[in-house]
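What follows is model_34.cif (mmCIF, C-alpha atoms).
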```cif
data_coords
#
loop_
_atom_site.label_atom_id
_atom_site.label_comp_id
_atom_site.auth_asym_id
_atom_site.auth_seq_id
_atom_site.Cartn_x
_atom_site.Cartn_y
_atom_site.Cartn_z
CA MET P 734 104.14 127.43 89.63
CA SER P 735 103.73 128.65 93.15
CA ILE P 736 100.83 127.08 94.96
CA LEU P 737 99.76 130.59 95.96
CA SER P 738 98.28 130.96 92.50
CA TYR P 739 95.68 128.61 93.93
CA ASN P 740 93.98 131.95 94.49
CA GLU P 741 93.50 131.61 98.17
CA GLU P 742 93.56 134.60 100.40
CA VAL P 743 96.77 134.78 102.36
CA ASN P 744 96.90 137.35 105.09
CA MET P 745 99.16 138.21 107.98
CA GLU P 746 97.07 136.06 110.23
CA ASN P 747 98.38 132.99 108.51
CA PHE P 748 101.99 134.21 108.51
CA TYR P 749 104.23 132.65 111.13
CA ASP P 750 107.83 132.68 112.24
CA VAL P 751 107.77 128.93 112.33
CA VAL P 752 105.26 126.38 111.13
CA ILE P 753 105.70 122.90 112.58
CA ILE P 754 104.16 120.07 110.60
CA GLY P 755 103.13 117.29 112.95
CA ALA P 756 102.15 117.25 116.65
CA GLY P 757 103.94 114.17 117.89
CA PRO P 758 106.67 114.45 120.53
CA ALA P 759 109.10 116.08 118.07
CA GLY P 760 106.61 118.67 116.87
CA LEU P 761 105.29 119.44 120.34
CA ALA P 762 108.81 119.86 121.75
CA ALA P 763 109.66 122.14 118.83
CA GLY P 764 106.45 124.07 119.54
CA LEU P 765 107.36 124.47 123.18
CA TYR P 766 110.87 125.74 122.46
CA ALA P 767 109.77 128.01 119.60
CA ALA P 768 106.95 129.56 121.60
CA ARG P 769 109.19 130.04 124.62
CA ALA P 770 111.56 131.94 122.32
CA LYS P 771 108.61 134.25 121.53
CA MET P 772 108.37 133.17 117.93
CA LYS P 773 104.93 133.18 116.35
CA THR P 774 104.46 129.44 116.23
CA LEU P 775 101.90 127.18 114.58
CA VAL P 776 101.73 123.41 115.03
CA LEU P 777 99.70 121.60 112.35
CA GLU P 778 98.29 118.12 112.94
CA LYS P 779 96.03 116.22 110.60
CA ASN P 780 94.59 113.79 113.08
CA LYS P 781 95.47 112.98 116.65
CA VAL P 782 98.03 114.88 118.70
CA GLY P 783 100.83 112.74 120.05
CA GLY P 784 101.53 110.82 116.88
CA GLN P 785 102.49 107.21 117.42
CA ILE P 786 102.59 107.41 121.21
CA SER P 787 98.92 108.42 121.29
CA THR P 788 98.16 104.78 120.54
CA THR P 789 100.78 103.43 122.92
CA ASN P 790 99.48 102.03 126.15
CA GLU P 791 102.67 102.36 128.13
CA VAL P 792 105.65 104.59 127.55
CA ALA P 793 108.18 102.97 129.85
CA ASN P 794 111.47 104.31 128.55
CA TYR P 795 111.04 108.07 128.46
CA PRO P 796 113.00 109.45 131.43
CA GLY P 797 110.55 110.62 134.07
CA SER P 798 107.69 108.56 132.67
CA ILE P 799 107.50 106.09 135.51
CA SER P 800 104.41 104.12 136.41
CA ASN P 801 101.12 104.70 134.61
CA ALA P 802 102.57 106.93 131.92
CA THR P 803 100.37 106.24 128.93
CA GLY P 804 100.94 107.74 125.50
CA PRO P 805 97.86 109.95 125.74
CA SER P 806 98.74 111.21 129.23
CA ILE P 807 102.25 112.22 128.19
CA THR P 808 100.87 113.80 125.03
CA ALA P 809 98.31 115.84 126.95
CA ARG P 810 101.06 117.30 129.11
CA MET P 811 103.21 118.13 126.11
CA VAL P 812 100.30 119.90 124.41
CA GLU P 813 99.42 121.84 127.55
CA GLN P 814 103.01 122.94 128.01
CA ALA P 815 103.49 124.07 124.40
CA GLU P 816 100.20 125.98 124.40
CA GLU P 817 100.92 127.57 127.76
CA PHE P 818 103.85 129.34 126.12
CA GLY P 819 101.72 130.49 123.23
CA ALA P 820 102.16 127.90 120.49
CA GLU P 821 99.08 127.84 118.31
CA ARG P 822 97.69 124.50 117.17
CA LYS P 823 95.44 123.78 114.22
CA LYS P 824 93.93 120.60 112.88
CA ASP P 825 94.74 120.50 109.21
CA ASN P 826 96.19 118.00 106.80
CA VAL P 827 99.15 119.40 104.86
CA VAL P 828 98.83 118.35 101.24
CA GLU P 829 101.52 120.42 99.53
CA VAL P 830 104.53 122.54 100.38
CA ASP P 831 106.47 125.12 98.42
CA PHE P 832 109.94 125.76 99.84
CA SER P 833 111.35 127.43 96.72
CA ASP P 834 111.21 131.00 98.06
CA LYS P 835 112.46 132.63 101.22
CA ILE P 836 108.90 132.66 102.56
CA LYS P 837 107.79 129.04 102.75
CA ILE P 838 104.26 128.11 101.80
CA ILE P 839 102.37 125.25 103.42
CA LYS P 840 99.05 124.26 101.90
CA GLY P 841 96.58 122.36 104.04
CA GLU P 842 93.12 121.06 103.26
CA LYS P 843 91.65 123.91 105.27
CA GLY P 844 94.02 126.80 104.64
CA ILE P 845 97.32 128.14 103.36
CA TYR P 846 100.05 129.11 105.79
CA ARG P 847 103.21 131.10 105.21
CA ALA P 848 106.30 130.90 107.35
CA LYS P 849 109.81 132.21 107.72
CA SER P 850 110.90 128.73 108.74
CA VAL P 851 109.44 125.23 108.77
CA ILE P 852 110.05 122.26 111.03
CA ILE P 853 109.04 118.98 109.42
CA ALA P 854 107.89 116.50 112.07
CA ASN P 855 105.40 114.29 110.24
CA GLY P 856 106.84 111.17 111.81
CA ALA P 857 106.30 107.63 110.64
CA THR P 858 103.52 105.11 110.39
CA PRO P 859 103.49 101.34 110.91
CA LYS P 860 104.76 99.43 107.92
CA LYS P 861 102.46 96.94 106.25
CA ILE P 862 103.36 93.30 105.85
CA GLY P 863 102.65 93.68 102.14
CA CYS P 864 100.80 90.39 101.65
CA PRO P 865 97.52 89.68 99.85
CA GLY P 866 94.43 90.27 101.98
CA GLU P 867 96.10 92.70 104.38
CA ASP P 868 94.53 95.90 103.02
CA ASP P 869 91.06 94.43 102.49
CA LEU P 870 90.93 93.06 106.02
CA THR P 871 92.33 96.10 107.81
CA GLY P 872 89.75 97.02 110.44
CA LYS P 873 88.31 93.53 109.95
CA GLY P 874 90.78 91.68 112.12
CA VAL P 875 94.00 93.25 110.89
CA SER P 876 94.99 96.19 113.10
CA TYR P 877 98.03 98.38 113.63
CA CYS P 878 96.61 99.93 116.79
CA ALA P 879 96.38 97.67 119.81
CA THR P 880 94.92 100.33 122.12
CA CYS P 881 92.15 101.01 119.57
CA ASP P 882 91.14 97.46 118.85
CA ALA P 883 92.39 95.09 121.57
CA ASP P 884 88.93 95.04 123.10
CA PHE P 885 87.40 93.32 120.07
CA PHE P 886 89.66 90.33 120.60
CA THR P 887 88.66 89.60 124.17
CA ASP P 888 88.86 85.81 124.61
CA LEU P 889 89.88 85.35 120.98
CA GLU P 890 93.22 84.40 119.45
CA VAL P 891 95.69 87.04 118.30
CA PHE P 892 98.82 86.94 116.16
CA VAL P 893 101.41 89.69 116.50
CA ILE P 894 103.80 89.92 113.58
CA GLY P 895 107.36 91.11 114.29
CA GLY P 896 110.06 90.66 116.92
CA GLY P 897 111.14 94.18 117.88
CA ASP P 898 110.31 96.25 120.95
CA SER P 899 106.92 97.44 119.76
CA ALA P 900 105.84 94.01 118.54
CA VAL P 901 106.64 92.28 121.81
CA GLU P 902 105.35 95.10 124.04
CA GLU P 903 102.06 95.24 122.15
CA ALA P 904 101.84 91.44 122.33
CA ILE P 905 102.18 91.59 126.12
CA TYR P 906 99.49 94.29 126.24
CA LEU P 907 97.19 92.15 124.09
CA THR P 908 97.43 89.21 126.52
CA LYS P 909 95.21 91.25 128.85
CA PHE P 910 92.40 90.73 126.36
CA ALA P 911 93.10 87.76 124.11
CA ARG P 912 92.93 84.10 125.01
CA LYS P 913 96.30 83.47 123.42
CA VAL P 914 98.84 85.69 121.69
CA THR P 915 101.30 84.21 119.23
CA VAL P 916 104.32 86.27 118.21
CA VAL P 917 105.33 85.46 114.65
CA HIS P 918 108.92 86.33 113.85
CA ARG P 919 111.04 85.69 110.81
CA ARG P 920 114.13 84.89 112.88
CA ASP P 921 114.67 82.37 115.64
CA GLU P 922 115.22 84.98 118.32
CA LEU P 923 113.60 88.27 119.25
CA ARG P 924 115.18 91.63 118.55
CA ALA P 925 113.33 93.32 121.43
CA ALA P 926 115.19 94.58 124.50
CA LYS P 927 116.13 91.79 126.93
CA SER P 928 113.90 93.12 129.71
CA ILE P 929 110.90 93.00 127.38
CA GLN P 930 111.81 89.49 126.22
CA GLU P 931 111.99 88.23 129.79
CA LYS P 932 108.49 89.51 130.46
CA ALA P 933 107.22 87.91 127.28
CA PHE P 934 108.75 84.48 127.91
CA LYS P 935 107.26 84.43 131.42
CA ASN P 936 103.76 85.25 130.17
CA PRO P 937 101.67 82.04 130.12
CA LYS P 938 99.39 83.37 127.39
CA MET P 939 102.20 83.96 124.93
CA GLU P 940 103.50 81.61 122.27
CA PHE P 941 106.10 82.04 119.58
CA LEU P 942 106.25 80.99 115.96
CA TRP P 943 109.85 81.26 114.81
CA ASP P 944 111.42 81.57 111.35
CA SER P 945 108.06 82.42 109.90
CA GLN P 946 106.52 85.09 107.75
CA VAL P 947 102.96 85.87 106.75
CA VAL P 948 102.25 85.25 103.07
CA GLU P 949 98.47 85.71 102.95
CA ILE P 950 95.49 86.75 105.04
CA LYS P 951 92.07 85.44 104.04
CA GLY P 952 88.50 86.11 105.03
CA ASP P 953 85.10 87.08 103.76
CA GLY P 954 84.27 90.32 105.59
CA VAL P 955 86.43 89.42 108.59
CA VAL P 956 89.75 87.62 109.05
CA GLU P 957 89.21 83.86 108.88
CA SER P 958 92.63 82.43 108.19
CA ILE P 959 96.30 83.29 107.86
CA VAL P 960 98.99 81.55 105.83
CA PHE P 961 102.50 81.27 107.26
CA LYS P 962 105.66 80.26 105.48
CA ASN P 963 108.62 78.79 107.30
CA ILE P 964 111.66 80.63 105.95
CA LYS P 965 114.07 77.77 106.67
CA THR P 966 112.04 74.90 105.27
CA GLY P 967 109.93 76.79 102.72
CA GLN P 968 106.84 75.00 103.98
CA THR P 969 103.56 76.84 104.30
CA HIS P 970 100.64 76.20 106.61
CA GLU P 971 97.27 77.83 107.01
CA HIS P 972 95.79 78.60 110.39
CA HIS P 973 91.99 78.84 110.55
CA ALA P 974 89.87 80.60 113.14
CA ALA P 975 88.36 78.23 115.66
CA GLU P 976 84.78 77.52 114.67
CA GLU P 977 83.29 78.95 117.84
CA ASP P 978 85.38 82.14 117.41
CA GLY P 979 84.77 82.81 113.72
CA THR P 980 87.71 85.20 113.58
CA PHE P 981 90.98 86.23 115.21
CA GLY P 982 93.24 89.26 115.34
CA ILE P 983 96.40 90.08 113.41
CA PHE P 984 98.58 92.94 114.64
CA PRO P 985 101.59 93.66 112.40
CA PHE P 986 104.47 95.57 113.99
CA VAL P 987 107.13 95.01 111.38
CA GLY P 988 108.69 98.45 111.36
CA TYR P 989 107.76 101.92 110.20
CA ASP P 990 107.50 103.99 107.05
CA PRO P 991 108.31 107.70 107.08
CA LEU P 992 105.39 110.02 106.25
CA SER P 993 107.40 112.02 103.74
CA LYS P 994 105.51 111.71 100.47
CA ILE P 995 104.66 115.41 100.16
CA TYR P 996 108.37 116.28 100.32
CA GLU P 997 109.48 113.92 97.56
CA GLY P 998 111.64 115.70 95.03
CA LYS P 999 111.75 118.79 97.24
CA ILE P 1000 114.14 117.78 100.02
CA ASN P 1001 117.08 115.42 100.12
CA MET P 1002 116.08 112.02 101.47
CA ASP P 1003 117.43 108.54 101.92
CA LYS P 1004 114.83 105.79 101.47
CA GLY P 1005 112.09 108.27 102.30
CA TYR P 1006 113.78 109.56 105.46
CA ILE P 1007 114.83 113.23 105.42
CA ILE P 1008 118.54 113.89 105.68
CA THR P 1009 119.61 116.50 108.22
CA ASP P 1010 122.81 117.58 109.90
CA ASP P 1011 123.31 117.62 113.67
CA ASP P 1012 121.41 120.91 113.82
CA MET P 1013 118.34 119.35 112.13
CA LYS P 1014 118.99 121.43 109.00
CA THR P 1015 117.83 119.94 105.73
CA ASN P 1016 119.40 120.89 102.40
CA ILE P 1017 116.93 123.80 102.18
CA LEU P 1018 117.75 126.96 104.10
CA GLY P 1019 115.11 127.60 106.77
CA VAL P 1020 113.66 124.10 106.63
CA PHE P 1021 114.39 121.71 109.47
CA ALA P 1022 113.33 118.15 110.22
CA ALA P 1023 112.84 116.46 113.61
CA GLY P 1024 111.79 113.10 114.96
CA ASP P 1025 111.08 109.79 113.27
CA ILE P 1026 110.94 111.27 109.77
CA ARG P 1027 114.67 111.94 109.62
CA VAL P 1028 117.62 109.65 109.09
CA LYS P 1029 118.79 108.58 112.57
CA SER P 1030 119.78 105.52 114.52
CA LEU P 1031 117.22 105.56 117.34
CA ARG P 1032 113.58 106.53 116.87
CA GLN P 1033 112.12 107.04 120.34
CA VAL P 1034 110.24 109.75 122.24
CA VAL P 1035 113.46 110.74 123.97
CA THR P 1036 115.30 111.41 120.71
CA ALA P 1037 112.25 112.98 119.05
CA VAL P 1038 111.89 115.67 121.70
CA ALA P 1039 115.62 116.39 121.54
CA ASP P 1040 115.37 116.84 117.77
CA GLY P 1041 112.41 119.16 118.20
CA ALA P 1042 114.24 121.36 120.69
CA ILE P 1043 117.34 121.63 118.50
CA ALA P 1044 115.26 122.37 115.40
CA ALA P 1045 113.38 125.18 117.15
CA VAL P 1046 116.55 126.80 118.48
CA GLN P 1047 118.14 126.59 115.03
CA ALA P 1048 115.01 128.04 113.42
CA GLU P 1049 115.23 130.98 115.78
CA LYS P 1050 118.89 131.53 114.85
CA TYR P 1051 118.07 131.26 111.18
CA ILE P 1052 115.34 133.90 111.42
CA GLU P 1053 117.62 136.25 113.38
CA ASN P 1054 120.25 136.00 110.68
CA HIS P 1055 118.06 136.10 107.60
CA PHE P 1056 115.15 138.39 108.38
CA GLU P 1057 115.13 142.04 109.43
CA GLU P 1058 113.06 143.06 112.40
CA MET Q 1461 75.22 113.49 117.50
CA LEU Q 1462 72.81 111.01 119.02
CA ALA Q 1463 74.54 108.42 121.19
CA VAL Q 1464 73.17 104.91 120.73
CA ASP Q 1465 73.96 101.78 122.72
CA LYS Q 1466 73.35 98.08 122.44
CA ASP Q 1467 69.75 98.54 123.53
CA THR Q 1468 68.84 101.36 121.15
CA PHE Q 1469 70.92 100.38 118.10
CA GLN Q 1470 68.14 98.17 116.76
CA SER Q 1471 65.47 100.87 116.76
CA GLU Q 1472 67.67 103.86 115.93
CA VAL Q 1473 69.73 102.24 113.17
CA LEU Q 1474 68.53 98.86 111.96
CA GLU Q 1475 64.85 99.74 111.99
CA ALA Q 1476 65.29 103.35 110.90
CA LYS Q 1477 64.10 104.55 107.51
CA GLY Q 1478 66.46 106.55 105.32
CA TYR Q 1479 70.18 107.13 105.78
CA VAL Q 1480 71.89 106.60 109.12
CA LEU Q 1481 75.61 107.19 109.64
CA VAL Q 1482 77.16 105.42 112.63
CA ASP Q 1483 80.45 106.53 114.16
CA PHE Q 1484 81.95 103.50 115.96
CA TRP Q 1485 84.39 104.65 118.63
CA SER Q 1486 85.70 103.61 122.05
CA ASP Q 1487 87.23 105.05 125.19
CA GLY Q 1488 90.68 103.70 124.35
CA CYS Q 1489 90.70 104.84 120.73
CA GLU Q 1490 92.56 108.15 120.47
CA PRO Q 1491 92.19 108.40 116.65
CA CYS Q 1492 88.41 108.06 117.15
CA LYS Q 1493 88.34 110.95 119.60
CA ALA Q 1494 90.42 113.09 117.23
CA LEU Q 1495 88.03 112.27 114.39
CA MET Q 1496 84.77 113.00 116.20
CA PRO Q 1497 84.79 116.82 115.73
CA ASP Q 1498 85.07 116.22 111.99
CA VAL Q 1499 82.08 113.89 112.05
CA GLU Q 1500 80.15 116.48 114.06
CA ALA Q 1501 81.05 119.11 111.45
CA LEU Q 1502 79.73 116.81 108.71
CA GLU Q 1503 76.53 116.42 110.70
CA GLU Q 1504 76.10 120.21 110.57
CA GLN Q 1505 76.43 119.99 106.82
CA TYR Q 1506 74.47 116.84 106.01
CA GLY Q 1507 72.34 116.39 109.11
CA ASP Q 1508 69.15 117.21 107.22
CA LYS Q 1509 69.64 114.25 104.86
CA ILE Q 1510 71.36 111.74 107.12
CA LYS Q 1511 70.85 110.83 110.74
CA PHE Q 1512 74.19 110.87 112.54
CA VAL Q 1513 74.70 108.58 115.53
CA LYS Q 1514 77.66 107.35 117.54
CA LEU Q 1515 78.22 104.03 119.26
CA ASN Q 1516 80.78 103.50 122.02
CA THR Q 1517 81.90 99.93 121.36
CA THR Q 1518 83.42 99.54 124.84
CA GLN Q 1519 79.97 98.52 126.09
CA ALA Q 1520 78.83 97.01 122.79
CA ARG Q 1521 81.61 94.78 121.55
CA ARG Q 1522 79.41 91.97 120.34
CA LEU Q 1523 77.09 94.36 118.57
CA ALA Q 1524 80.05 95.93 116.75
CA ILE Q 1525 81.36 92.53 115.71
CA SER Q 1526 77.87 91.59 114.47
CA GLN Q 1527 78.15 94.60 112.13
CA LYS Q 1528 81.59 93.27 111.05
CA VAL Q 1529 83.35 96.10 112.84
CA LEU Q 1530 86.62 94.79 114.30
CA GLY Q 1531 88.69 97.94 114.11
CA LEU Q 1532 88.34 101.59 115.01
CA PRO Q 1533 87.64 104.21 113.90
CA THR Q 1534 84.97 102.86 111.54
CA ILE Q 1535 82.09 104.82 110.03
CA LEU Q 1536 79.20 102.85 108.57
CA LEU Q 1537 76.44 104.21 106.36
CA TYR Q 1538 73.06 102.47 106.49
CA LEU Q 1539 70.04 102.89 104.24
CA ASP Q 1540 66.75 101.56 105.57
CA GLY Q 1541 68.66 99.47 108.09
CA GLU Q 1542 71.00 97.88 105.55
CA LYS Q 1543 74.71 98.59 105.67
CA ILE Q 1544 75.61 100.11 102.28
CA GLU Q 1545 79.11 101.44 102.72
CA GLU Q 1546 81.88 102.02 105.20
CA VAL Q 1547 85.20 103.71 105.78
CA THR Q 1548 87.70 102.49 108.34
CA LYS Q 1549 91.13 103.23 109.80
CA ASP Q 1550 93.26 105.53 107.59
CA ASN Q 1551 90.31 106.20 105.28
CA ALA Q 1552 88.14 107.24 108.19
CA ASN Q 1553 89.01 110.91 107.90
CA ARG Q 1554 86.90 113.93 107.06
CA ALA Q 1555 87.59 113.75 103.33
CA GLY Q 1556 86.97 109.99 103.17
CA ILE Q 1557 83.68 110.21 105.08
CA GLU Q 1558 82.45 113.12 102.99
CA GLU Q 1559 83.29 111.24 99.81
CA MET Q 1560 81.22 108.30 101.02
CA ILE Q 1561 78.31 110.60 101.90
CA LYS Q 1562 78.41 112.40 98.55
CA LYS Q 1563 78.23 109.12 96.67
CA HIS Q 1564 74.78 108.53 98.10
CA VAL Q 1565 73.06 111.79 98.96
#
```
Please lay out the structure from this file as structure tokens.
Amino acid sequence: MSILSYNEEVNMENFYDVVIIGAGPAGLAAGLYAARAKMKTLVLEKNKVGGQISTTNEVANYPGSISNATGPSITARMVEQAEEFGAERKKDNVVEVDFSDKIKIIKGEKGIYRAKSVIIANGATPKKIGCPGEDDLTGKGVSYCATCDADFFTDLEVFVIGGGDSAVEEAIYLTKFARKVTVVHRRDELRAAKSIQEKAFKNPKMEFLWDSQVVEIKGDGVVESIVFKNIKTGQTHEHHAAEEDGTFGIFPFVGYDPLSKIYEGKINMDKGYIITDDDMKTNILGVFAAGDIRVKSLRQVVTAVADGAIAAVQAEKYIENHFEE
Amino acid sequence: MLAVDKDTFQSEVLEAKGYVLVDFWSDGCEPCKALMPDVEALEEQYGDKIKFVKLNTTQARRLAISQKVLGLPTILLYLDGEKIEEVTKDNANRAGIEEMIKKHV
């Protein structure tokens, strides 16, 4: 059953050449290229523009983003640039898509949109540790957003879980606030880039807990203790908040999950990531994917914007070939 | 939306009669800033039954922690100065906040 039978009014106003789902770097780059090609372009975003980088304090590895390039400042420029060329942007949460016909239907909480082509750029979200207590204590000491919550842990203790680039970079950022930051990693060496590691090892506020994983987080209303397990010895130990502190922070950065649930069963995927070819084409004609949501080897701003540009150019070609003027 | 701070929180929220909804946000919290228009829209809708206020935690960290707020965005609902419910992080979206409101008013 088509979701149009939802009995919502669909008019030409909500009919686009290309609808881009997600306003992170991939979606905004796609919006820029699509609008520059004079396509009627809509970028949908459920929450904050910029996606993951909007909560990133420093974007140090995007070419041109030298000193003081924060996630929000880069995002603001991307938005300005895309809108300058005429891309429209709406705040709406896409809850369902119907790609079965030539005209694609995208249903948001606020409206229904139709499009000749779609670029999927929902991105990814931080993965959870998956241990007891984590969900209940999120926002109560457990946080996936250092720029949002670092302030609360001024002069307190913080644990960062993970050993990749984001984990170690966020840990360094958190040392500006916390009394001590301990990086907890399941291996005995970091996976983060060497330059980041060097900075971390030189930081006097940083400590490392190797070969360890988090098995439980406890607390009544706020985080009060955390249980670690040593992977090599199998031994567990529980760390309690210092009495004068009452709590401490836990920031998991153990990887990412693609935000692809609404496409399940509708598009070919591998472990939740959308499969595309080099032209960002999915298995459905007229539907493209860009950025962190697709199967790829490097998920960074620099590759996301490249994906977005390619997807938009391919969408334009697709429309030229499949729709009459 | 009425802005409260660490000096006015007591009188505007904890000593207030009826329902008060508090939007905890901060300068560095981009998701909070993206959420605020939705909270303002809900105020249009429910403002006659609930008092809507916002607290910038940048200048009121201890106050936020005293309300067991350690993560943003967080929206707390008070009745007669008692915290009765909250939504935080991923659940702090328009639908989640409205669901919380509808449970009570």
P:Val960, P:Ala767, P:Val891, P:Leu942: which is nearest P:Glu867, counting only C-alpha atoms?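 Closest residue, counting only C-alpha atoms: P:Val960.
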With the PyMOL selection byres ((chain P) within 10 of (chain Q)) as the selection, what would be picked from this file? Answer as a VMD selection string, please. chain P and resid 779 to 784 787 to 790 804 to 805 824 842 870 to 887 954 to 956 980 to 982
First collect every listed atom of stretch 871-888 of chain P; then fit an axis-aligned box around them, widen it by 6 Å on each side, and give centre and edge lengths in Å to one decimal, as JSON.
```
{"center_x": 92.7, "center_y": 93.4, "center_z": 116.2, "size_x": 22.6, "size_y": 27.2, "size_z": 28.8}
```
Enumerate, as a PyMOL selection string, the residues matched when the PyMOL selection byres ((chain Q and resi 1464) around 7) is run on the file above. chain Q and resi 1462-1463+1465+1468-1469+1513-1515
Spatial neighbours of P:Lys849, max dist 8 Å, all atoms listed in the file, sep filter under 6 positions, as an mmCIF file with C-alpha atoms, keeping the file's coordinate frame:
```cif
data_model
loop_
_atom_site.group_PDB
_atom_site.id
_atom_site.type_symbol
_atom_site.label_atom_id
_atom_site.label_comp_id
_atom_site.auth_asym_id
_atom_site.auth_seq_id
_atom_site.Cartn_x
_atom_site.Cartn_y
_atom_site.Cartn_z
ATOM 1 C CA TYR P 749 104.230 132.650 111.130
ATOM 2 C CA ASP P 750 107.830 132.680 112.240
ATOM 3 C CA VAL P 751 107.770 128.930 112.330
ATOM 4 C CA LYS P 835 112.460 132.630 101.220
ATOM 5 C CA ILE P 836 108.900 132.660 102.560
ATOM 6 C CA LYS P 837 107.790 129.040 102.750
ATOM 7 C CA GLY P 1019 115.110 127.600 106.770
ATOM 8 C CA ILE P 1052 115.340 133.900 111.420
#
```
Here's the selection I'm unsure about, the PyMOL selection byres ((chain P and resi 773) around 12); applied to the file above, which residues does it give, as a PyMOL selection string? chain P and resi 745-753+764-772+774-776+816+818-822+847-851+1045+1048-1049+1052
Where atoms are missing, can you supply N, CA, C and O atoms for stretch 1498-1510 of chain Q and output the lot as an mmCIF file, in the frame of the given file?
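The result, stored in result.cif:
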```cif
data_model
loop_
_atom_site.group_PDB
_atom_site.id
_atom_site.type_symbol
_atom_site.label_atom_id
_atom_site.label_comp_id
_atom_site.auth_asym_id
_atom_site.auth_seq_id
_atom_site.Cartn_x
_atom_site.Cartn_y
_atom_site.Cartn_z
ATOM 1 N N ASP Q 1498 85.285 116.184 113.440
ATOM 2 C CA ASP Q 1498 85.070 116.220 111.990
ATOM 3 C C ASP Q 1498 83.725 115.603 111.631
ATOM 4 O O ASP Q 1498 83.027 116.091 110.745
ATOM 5 N N VAL Q 1499 83.372 114.532 112.316
ATOM 6 C CA VAL Q 1499 82.080 113.890 112.050
ATOM 7 C C VAL Q 1499 80.952 114.840 112.477
ATOM 8 O O VAL Q 1499 79.944 114.980 111.782
ATOM 9 N N GLU Q 1500 81.158 115.517 113.596
ATOM 10 C CA GLU Q 1500 80.150 116.480 114.060
ATOM 11 C C GLU Q 1500 79.992 117.630 113.059
ATOM 12 O O GLU Q 1500 78.875 118.100 112.810
ATOM 13 N N ALA Q 1501 81.110 118.047 112.460
ATOM 14 C CA ALA Q 1501 81.050 119.110 111.450
ATOM 15 C C ALA Q 1501 80.274 118.626 110.220
ATOM 16 O O ALA Q 1501 79.504 119.376 109.620
ATOM 17 N N LEU Q 1502 80.468 117.367 109.864
ATOM 18 C CA LEU Q 1502 79.730 116.810 108.710
ATOM 19 C C LEU Q 1502 78.244 116.705 109.024
ATOM 20 O O LEU Q 1502 77.397 116.852 108.142
ATOM 21 N N GLU Q 1503 77.938 116.466 110.305
ATOM 22 C CA GLU Q 1503 76.530 116.420 110.700
ATOM 23 C C GLU Q 1503 75.868 117.785 110.487
ATOM 24 O O GLU Q 1503 74.734 117.871 110.012
ATOM 25 N N GLU Q 1504 76.614 118.855 110.814
ATOM 26 C CA GLU Q 1504 76.100 120.210 110.570
ATOM 27 C C GLU Q 1504 75.713 120.368 109.104
ATOM 28 O O GLU Q 1504 74.707 120.972 108.763
ATOM 29 N N GLN Q 1505 76.573 119.804 108.261
ATOM 30 C CA GLN Q 1505 76.430 119.990 106.820
ATOM 31 C C GLN Q 1505 75.357 119.079 106.217
ATOM 32 O O GLN Q 1505 74.612 119.486 105.337
ATOM 33 N N TYR Q 1506 75.327 117.835 106.661
ATOM 34 C CA TYR Q 1506 74.470 116.840 106.010
ATOM 35 C C TYR Q 1506 73.363 116.299 106.925
ATOM 36 O O TYR Q 1506 72.657 115.372 106.563
ATOM 37 N N GLY Q 1507 73.269 116.890 108.106
ATOM 38 C CA GLY Q 1507 72.340 116.390 109.110
ATOM 39 C C GLY Q 1507 70.876 116.365 108.674
ATOM 40 O O GLY Q 1507 70.070 115.617 109.225
ATOM 41 N N ASP Q 1508 70.544 117.191 107.675
ATOM 42 C CA ASP Q 1508 69.150 117.210 107.220
ATOM 43 C C ASP Q 1508 68.835 116.013 106.328
ATOM 44 O O ASP Q 1508 67.676 115.661 106.142
ATOM 45 N N LYS Q 1509 69.874 115.390 105.761
ATOM 46 C CA LYS Q 1509 69.640 114.250 104.860
ATOM 47 C C LYS Q 1509 69.989 112.915 105.495
ATOM 48 O O LYS Q 1509 69.510 111.863 105.094
ATOM 49 N N ILE Q 1510 70.867 112.965 106.496
ATOM 50 C CA ILE Q 1510 71.360 111.740 107.120
ATOM 51 C C ILE Q 1510 71.258 111.879 108.632
ATOM 52 O O ILE Q 1510 71.586 112.927 109.182
#
```
